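K.L.:
One structure follows; several queries about it will come next.
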Amino acid sequence: MGSDGEDCPAHGEQTLRAGFALGGDGGCIAEARHHATAFLEQARTHHRVPLTQRAVDLTQLVVSELVTNTYKYAPGPILMELRIAAGAVDVVVWDSNPVVPAARAADPGRVGQHGLEIVKAVTEHLHIEQEPVGKRITARIALTDA
């Protein structure tokens, strides 16, 4: 795992980061969840980052939903970055499809296609940005239940 720490001058704390290139195959979703779990465990044990089990569970959920959407709708590789700073974990997913996804209207009868709705509901912040190639989605999750 390639995490590193760099000073975050605005907060006087370290930013922990890890980046992962995921293949576009069906195993990439489980692989992404595994990377997220290992990254958070390393942050907790080696860097003494306080985080709740809820934060771990929500991070796994968000990673799963974002990578699943990318796997389903964007051809090619998937890049994922995890960052911890300022009491939150950012899940950043890049894919090659420039189309910006939109949450659909609530429909309890609809099966599937609730991923973005779920991510919006459990995150503090969701930002979608078109890139020169593809798009980057950043979801922020609080590390504690404060």
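Letters A, B, ... go to the chains of the structure tokens in the order shown; residues in each chain start at 1; ligands are counted from 1 in the same order.
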Using only C-alpha atoms, find each residue of stretch 63-132 of chain A with at least one atom at most 7 Å away from an atom of stretch 16-35 of chain A; report its shortest atom-to-atom pair and that distance in Å (one decimal), sort the rows by chain and rising residue number, and return the result as a tab-separated table.
P.N.:
residue	atom	partner	partner_atom	distance
A:Val63	CA	A:Arg33	CA	6.2
A:Ser64	CA	A:Ile29	CA	5.9
A:Val67	CA	A:Ile29	CA	5.8
A:Thr68	CA	A:Ile29	CA	6.1
A:Tyr71	CA	A:Gly24	CA	6.1
A:Gly76	CA	A:Gly24	CA	5.5
A:Pro77	CA	A:Gly24	CA	5.1
A:Ile78	CA	A:Leu22	CA	5.1
A:Leu79	CA	A:Ala21	CA	4.7
A:Met80	CA	A:Phe20	CA	5.2
A:Glu81	CA	A:Gly19	CA	4.3
A:Leu82	CA	A:Ala18	CA	5.3
A:Arg83	CA	A:Arg17	CA	4.5
A:Ile84	CA	A:Leu16	CA	5.1
A:Ala85	CA	A:Leu16	CA	6.9
K.L.:
Within 7 Å of A:Ala55, counting only C-alpha atoms, which residues qualify if same-chain residues fewer than 3 places away don't, as a PyMOL selection string?
P.N.:
chain A and resi 51-52+58-59+141-144
K.L.:
Residues within 8 Å of A:Gly115, please, as an mmCIF file with N, CA, C and O atoms, in the first residue's frame. Count only C-alpha atoms; anything in the same chain fewer than 4 positions from it doesn't count.
P.N.:
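So out36.cif came out as:
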data_model
loop_
_atom_site.group_PDB
_atom_site.id
_atom_site.type_symbol
_atom_site.label_atom_id
_atom_site.label_comp_id
_atom_site.auth_asym_id
_atom_site.auth_seq_id
_atom_site.Cartn_x
_atom_site.Cartn_y
_atom_site.Cartn_z
ATOM 1 N N GLU A 65 -19.919 1.488 -3.769
ATOM 2 C CA GLU A 65 -20.898 2.121 -4.670
ATOM 3 C C GLU A 65 -20.209 2.882 -5.804
ATOM 4 O O GLU A 65 -20.603 2.763 -6.960
ATOM 5 N N LEU A 66 -19.185 3.668 -5.472
ATOM 6 C CA LEU A 66 -18.516 4.456 -6.510
ATOM 7 C C LEU A 66 -17.773 3.567 -7.503
ATOM 8 O O LEU A 66 -17.832 3.795 -8.718
ATOM 9 N N ASN A 69 -20.287 1.717 -9.777
ATOM 10 C CA ASN A 69 -20.797 2.580 -10.846
ATOM 11 C C ASN A 69 -19.761 2.760 -11.948
ATOM 12 O O ASN A 69 -20.090 2.726 -13.138
ATOM 13 N N VAL A 119 -24.679 7.258 -1.664
ATOM 14 C CA VAL A 119 -23.447 8.000 -1.390
ATOM 15 C C VAL A 119 -23.777 9.402 -0.895
ATOM 16 O O VAL A 119 -23.189 9.875 0.088
#
K.L.:
From the options A:Val56, A:Ala38, A:Val133, A:Ile128, which residue's atoms come nearest to A:Val92, counting only C-alpha atoms?
P.N.:
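Ranked by minimum distance to A:Val92, first place goes to A:Ile128.
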K.L.:
Please determine, counting only C-alpha atoms, which residue among A:Val91, A:Val62, A:Val100, A:Ala36 has the shortest atom-to-atom distance to A:Glu131.
P.N.:
A:Val100
K.L.:
For A:Asp95, which residue out of A:Ala43, A:Ile137, A:Val111, A:Leu116 is the nearest one, using only C-alpha atoms?
P.N.:
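The shortest atom-to-atom distance to A:Asp95 comes from A:Ile137.
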